[in-house]
Amino acid sequence: MIGMIDPHLNIFPTSSIAKTNGNSEMDVPVKRRSRPYYFRRCKEKRKSFTSIESLPCELLFDILVHLPAEDIYNGAMLVCRKWYNMIRTHDFIHAHLQHSTPGIVLHNSYNKMTRFMTMREGRIELSKYSYTISAYDGWDSCNGLILEYYLYGGPRRFHIINLATKQIFEIPHFPRQETIDHWWSIAYSAASNQYKVVRTYKLNKVDKLSYCDIVTVGVDKSWRRVCIQHLSPESRLLLRRESVTTEGFVHYMHRFDNNHVLTLNVETETITEYAIPKDLGEKSRRCLSTGKSLSAFAKCKGEIYCEVWEMKSETGEWTKMYEIDLFAHKSKLEELYGGKGIGSERFVPMGWLKYHEVVIFRFTYPARFHIAYNVRTHEIDWFELASDDSDEFKFHTNSLVGLVSL
C-alpha cells in the first residue's frame, strides 16, 4: 500500500523529552573532576561550528540545495553573508528547482485556503501556505510561480507571486479592458531564461473568433499579438479552452469535441496544431501537466477505467502509457461514495504526485474524498481533505525562482 498520513495532523510529531522532578543533583551522583566537563563541551561546539564554516563551497552548495524553499528563504539565507550570497545566485536557484520535489497546489476559493500536496519517501504530505491565492479561476503555476488576478479599484489585473518567498512581480497592464478573457497562463522558456505570460480572449460577447497575446515578464512594457492566421476558425475555438502549461509550452484542447490540440511554443511564440490519436479522440479527456510533458486521461462513460496518454510537446507525438482499471476496487469506491453506483465520471484526475508512479483522483461529490493510485502496483489508498468544496489544482514546485529577478 502507498504510505499515507492524516492531512489534519502535524506531520512532524513532537519529540519525547525526558522529564525530571527538578532535583537532578540528588537523583544522579555528581563526581568531582579536576577539569570541569563543560569546558570540553564548549570546545566541541566551537570545533563543530568551525568545521561548518570551513566546508568547501561545493559541499555547502550541495547541502543547502536540498533544503525546502521556505527553510532556505526564512532561515538559511539569514545565517551569514556567505550563505546569503551563495543562495542568491542563478546557479543555486536553478539547481534548487531541479532538486525540489514537485506536487500539486490546491486552491479553494470558498474557504480561502491554498495548500500543497507532495510525496516523500512513499508518504503523502499536505501543508498549508500562509498566502492564499485570491483568484477563483484563471490562475496558473510554473516553477513555483503563481499567476493570479486581483481586484483593486477597477477591472481585475494580474501579477505573479512566489508562494514560498511571497515575492510579487507585476506584469504590464492589458490595454483592452472591454475584451472577454478565456485563459491566462505562465510558462518558462529555458533557451532565453525568460518567463512569459499568455492571454487568450475574444473582443466581445458576439465575437466568434479568439485571439492570443503574450508578454515577457521583466522585459516587455506592452503586449504583442501571437499569429493565429494559419489556424482554421474551428481550431481557433480551442483557444477558449482551459490551458495546460508544460516546460516551455502552453496547450489548449477540448475535453470532448475536436480531434486536435493547439500547442504554443513560448520561445518561438508560434502555435502548432497537432492531431489527437483516434483512440484518444473518441473518449472524454482531461489534460494535466507532468511538468515536462502533457498527460491526457481518457475515460469511457459508465466505466471505472481510463487510459493515460502522453504527448511530446516538441513533436506532438502521442504515446499510450498506462491503463487504470479500478474495477477490482469498485466495492470500496462505492462505499466511499455512499453506496451508490460509480463510473469514471464520478472521479476526476488531479495530477501526478510522482510521475510514472502515483496519480491522485478526487470524487466529484463529496469532493473531500481522494484516491491515490499506484500505476505500477495497481494499489489504491484514500484520504480525506477538510472541505467538501471542490478545489482547483495545478502542477506545482516550491522554489526560489524570482529571488534575484525574473
# chains A, B, ... in the order shown; residues from 1 in each chain; ligands from 1

$ residues_around --residues "Ser232 of chain A" --least-positions-apart "5" --cutoff "12 Å" --atoms "only C-alpha atoms" --output "JSON, numbers by chain"
{"A": [209, 210, 237, 238, 239, 260, 262, 272, 273]}

$ write_last_selection --atoms "C-alpha atoms" --output "compact mmCIF listing (two decimals), in the first residue's frame"
# COMPACT_ATOMS: atom_id res chain seq x y z
CA LEU A 209 -13.05 34.41 -33.06
CA SER A 210 -10.42 34.16 -30.35
CA LEU A 237 -12.09 27.94 -30.87
CA LEU A 238 -9.69 25.73 -28.91
CA LEU A 239 -8.10 28.91 -27.54
CA HIS A 260 -6.71 18.41 -32.32
CA LEU A 262 -3.07 23.62 -30.08
CA THR A 272 1.21 24.46 -33.88
CA GLU A 273 -1.84 22.26 -34.37

$ residues_around --residues "segment 252-256 of chain A" --least-positions-apart "3" --cutoff "8 Å" --atoms "only C-alpha atoms" --output "PyMOL selection string"
chain A and resi 238-244+260-263+281-287

$ select_by_dssp --residues "segment 129-236 of chain A" --states "strand (DSSP E)" --output "PyMOL selection string"
chain A and resi 140-142+145-150+157-162+168-170+180-189+194-202+211-216+224-225

$ select_by_dssp --residues "segment 34-154 of chain A" --states "helix (DSSP H, G or I)" --output "number ranges by chain"
A: 37-53, 57-64, 69-74, 76-78, 81-87, 90-99

$ atom_distance --atom1 "atom CA of Leu163 of chain A" --atom2 "atom CA of Leu59 of chain A"
27.7 Å

$ closest_residue --among "A:Lys196, A:Arg123, A:His107, A:Lys208" --to "Phe383 of chain A" --atoms "only C-alpha atoms"
A:Arg123

$ atom_distance --atom1 "atom CA of Leu406 of chain A" --atom2 "atom CA of Ile63 of chain A"
25.0 Å

$ closest_residue --among "A:Arg88, A:His99, A:His94, A:Arg120" --to "His66 of chain A" --atoms "only C-alpha atoms"
A:His99

$ atom_distance --atom1 "atom CA of Asp220 of chain A" --atom2 "atom CA of Pro175 of chain A"
13.6 Å

$ residues_around --residues "segment 76-83 of chain A" --least-positions-apart "3" --cutoff "10 Å" --atoms "only C-alpha atoms" --output "number ranges by chain"
A: 53, 57, 60-61, 64, 67, 69-73, 86-88

$ write_last_selection --atoms "N, CA, C and O atoms" --output "PDB file, in the first residue's frame"
ATOM      1  N   GLU A  53      31.834  26.209   9.044  1.00  0.00           N
ATOM      2  CA  GLU A  53      32.311  27.394   8.349  1.00  0.00           C
ATOM      3  C   GLU A  53      33.402  27.060   7.332  1.00  0.00           C
ATOM      4  O   GLU A  53      33.558  27.744   6.327  1.00  0.00           O
ATOM      5  N   CYS A  57      32.968  25.269  -0.628  1.00  0.00           N
ATOM      6  CA  CYS A  57      31.761  25.875  -1.197  1.00  0.00           C
ATOM      7  C   CYS A  57      30.921  24.859  -1.961  1.00  0.00           C
ATOM      8  O   CYS A  57      29.690  24.906  -1.924  1.00  0.00           O
ATOM      9  N   LEU A  60      28.978  22.773   0.621  1.00  0.00           N
ATOM     10  CA  LEU A  60      27.944  23.603   1.226  1.00  0.00           C
ATOM     11  C   LEU A  60      26.799  23.821   0.246  1.00  0.00           C
ATOM     12  O   LEU A  60      25.621  23.773   0.624  1.00  0.00           O
ATOM     13  N   PHE A  61      27.122  24.055  -1.015  1.00  0.00           N
ATOM     14  CA  PHE A  61      26.127  24.230  -2.064  1.00  0.00           C
ATOM     15  C   PHE A  61      25.233  22.992  -2.148  1.00  0.00           C
ATOM     16  O   PHE A  61      23.995  23.097  -2.200  1.00  0.00           O
ATOM     17  N   LEU A  64      22.824  22.786   1.007  1.00  0.00           N
ATOM     18  CA  LEU A  64      21.755  23.781   1.051  1.00  0.00           C
ATOM     19  C   LEU A  64      20.725  23.569  -0.052  1.00  0.00           C
ATOM     20  O   LEU A  64      19.540  23.854   0.138  1.00  0.00           O
ATOM     21  N   LEU A  67      17.503  21.655   0.778  1.00  0.00           N
ATOM     22  CA  LEU A  67      16.555  22.147   1.780  1.00  0.00           C
ATOM     23  C   LEU A  67      15.294  22.677   1.114  1.00  0.00           C
ATOM     24  O   LEU A  67      15.322  23.144  -0.025  1.00  0.00           O
ATOM     25  N   ALA A  69      12.346  25.244   0.051  1.00  0.00           N
ATOM     26  CA  ALA A  69      12.468  26.657  -0.317  1.00  0.00           C
ATOM     27  C   ALA A  69      12.149  27.578   0.855  1.00  0.00           C
ATOM     28  O   ALA A  69      12.835  28.589   1.075  1.00  0.00           O
ATOM     29  N   GLU A  70      11.117  27.250   1.644  1.00  0.00           N
ATOM     30  CA  GLU A  70      10.743  28.110   2.771  1.00  0.00           C
ATOM     31  C   GLU A  70      11.844  28.150   3.826  1.00  0.00           C
ATOM     32  O   GLU A  70      12.121  29.210   4.403  1.00  0.00           O
ATOM     33  N   ASP A  71      12.475  27.005   4.085  1.00  0.00           N
ATOM     34  CA  ASP A  71      13.546  26.955   5.085  1.00  0.00           C
ATOM     35  C   ASP A  71      14.761  27.756   4.628  1.00  0.00           C
ATOM     36  O   ASP A  71      15.439  28.395   5.444  1.00  0.00           O
ATOM     37  N   ILE A  72      15.035  27.721   3.344  1.00  0.00           N
ATOM     38  CA  ILE A  72      16.165  28.491   2.831  1.00  0.00           C
ATOM     39  C   ILE A  72      15.882  29.979   2.930  1.00  0.00           C
ATOM     40  O   ILE A  72      16.721  30.756   3.411  1.00  0.00           O
ATOM     41  N   TYR A  73      14.693  30.382   2.507  1.00  0.00           N
ATOM     42  CA  TYR A  73      14.372  31.813   2.467  1.00  0.00           C
ATOM     43  C   TYR A  73      14.224  32.400   3.873  1.00  0.00           C
ATOM     44  O   TYR A  73      14.679  33.516   4.141  1.00  0.00           O
ATOM     45  N   MET A  86      25.585  32.996  -1.731  1.00  0.00           N
ATOM     46  CA  MET A  86      25.519  31.761  -2.498  1.00  0.00           C
ATOM     47  C   MET A  86      24.093  31.450  -2.941  1.00  0.00           C
ATOM     48  O   MET A  86      23.842  31.078  -4.097  1.00  0.00           O
ATOM     49  N   ILE A  87      23.132  31.617  -2.041  1.00  0.00           N
ATOM     50  CA  ILE A  87      21.740  31.286  -2.328  1.00  0.00           C
ATOM     51  C   ILE A  87      21.150  32.207  -3.395  1.00  0.00           C
ATOM     52  O   ILE A  87      20.312  31.790  -4.194  1.00  0.00           O
ATOM     53  N   ARG A  88      21.626  33.441  -3.455  1.00  0.00           N
ATOM     54  CA  ARG A  88      21.061  34.418  -4.386  1.00  0.00           C
ATOM     55  C   ARG A  88      21.714  34.369  -5.774  1.00  0.00           C
ATOM     56  O   ARG A  88      21.570  35.311  -6.553  1.00  0.00           O
TER      57      ARG A  88
END

$ closest_residue --among "A:Ala190, A:Ile168, A:Ile180, A:Met117" --to "Lys202 of chain A" --atoms "only C-alpha atoms"
A:Ile180

$ residues_around --residues "segment 322-335 of chain A" --least-positions-apart "6" --cutoff "9 Å" --atoms "only C-alpha atoms" --output "PyMOL selection string"
chain A and resi 303-309+341-342+356+373+375+378-380

$ closest_residue --among "A:Val206, A:Leu145, A:Met113, A:Val215" --to "Ile133 of chain A" --atoms "only C-alpha atoms"
A:Met113

$ closest_residue --among "A:Ile124, A:Ile276, A:Ala191, A:Leu231" --to "Asn259 of chain A" --atoms "only C-alpha atoms"
A:Ile276

$ residues_around --residues "Ala135 of chain A" --least-positions-apart "6" --cutoff "7 Å" --atoms "only C-alpha atoms" --output "JSON, numbers by chain"
{"A": [148, 149, 150]}

$ write_last_selection --atoms "all heavy atoms" --output "PDB file, in the first residue's frame"
ATOM      1  N   GLU A 148      -1.871  35.092 -10.933  1.00  0.00           N
ATOM      2  CA  GLU A 148      -3.232  35.259 -10.429  1.00  0.00           C
ATOM      3  C   GLU A 148      -3.708  36.676 -10.682  1.00  0.00           C
ATOM      4  O   GLU A 148      -2.914  37.596 -10.866  1.00  0.00           O
ATOM      5  CB  GLU A 148      -3.300  34.957  -8.927  1.00  0.00           C
ATOM      6  CG  GLU A 148      -2.478  35.920  -8.070  1.00  0.00           C
ATOM      7  CD  GLU A 148      -2.851  35.870  -6.599  1.00  0.00           C
ATOM      8  OE1 GLU A 148      -3.877  35.265  -6.253  1.00  0.00           O
ATOM      9  OE2 GLU A 148      -2.123  36.473  -5.796  1.00  0.00           O
ATOM     10  N   TYR A 149      -5.024  36.846 -10.675  1.00  0.00           N
ATOM     11  CA  TYR A 149      -5.573  38.190 -10.826  1.00  0.00           C
ATOM     12  C   TYR A 149      -6.001  38.732  -9.465  1.00  0.00           C
ATOM     13  O   TYR A 149      -6.224  37.991  -8.510  1.00  0.00           O
ATOM     14  CB  TYR A 149      -6.744  38.204 -11.804  1.00  0.00           C
ATOM     15  CG  TYR A 149      -8.002  37.492 -11.339  1.00  0.00           C
ATOM     16  CD1 TYR A 149      -8.894  38.090 -10.443  1.00  0.00           C
ATOM     17  CD2 TYR A 149      -8.322  36.230 -11.828  1.00  0.00           C
ATOM     18  CE1 TYR A 149     -10.044  37.446 -10.039  1.00  0.00           C
ATOM     19  CE2 TYR A 149      -9.479  35.581 -11.431  1.00  0.00           C
ATOM     20  CZ  TYR A 149     -10.330  36.199 -10.536  1.00  0.00           C
ATOM     21  OH  TYR A 149     -11.471  35.547 -10.125  1.00  0.00           O
ATOM     22  N   TYR A 150      -6.083  40.038  -9.382  1.00  0.00           N
ATOM     23  CA  TYR A 150      -6.552  40.682  -8.164  1.00  0.00           C
ATOM     24  C   TYR A 150      -7.386  41.893  -8.555  1.00  0.00           C
ATOM     25  O   TYR A 150      -7.225  42.471  -9.630  1.00  0.00           O
ATOM     26  CB  TYR A 150      -5.385  41.111  -7.271  1.00  0.00           C
ATOM     27  CG  TYR A 150      -4.466  42.138  -7.897  1.00  0.00           C
ATOM     28  CD1 TYR A 150      -4.595  43.501  -7.603  1.00  0.00           C
ATOM     29  CD2 TYR A 150      -3.465  41.758  -8.789  1.00  0.00           C
ATOM     30  CE1 TYR A 150      -3.755  44.439  -8.179  1.00  0.00           C
ATOM     31  CE2 TYR A 150      -2.625  42.689  -9.365  1.00  0.00           C
ATOM     32  CZ  TYR A 150      -2.777  44.030  -9.058  1.00  0.00           C
ATOM     33  OH  TYR A 150      -1.957  44.959  -9.632  1.00  0.00           O
TER      34      TYR A 150
END

$ closest_residue --among "A:Phe393, A:Phe363, A:Trp223, A:Tyr195" --to "Ser289 of chain A" --atoms "only C-alpha atoms"
A:Phe393

$ residues_around --residues "Arg225 of chain A" --least-positions-apart "2" --cutoff "10 Å" --atoms "only C-alpha atoms" --output "PyMOL selection string"
chain A and resi 198-199+211-215+223+227-228+269
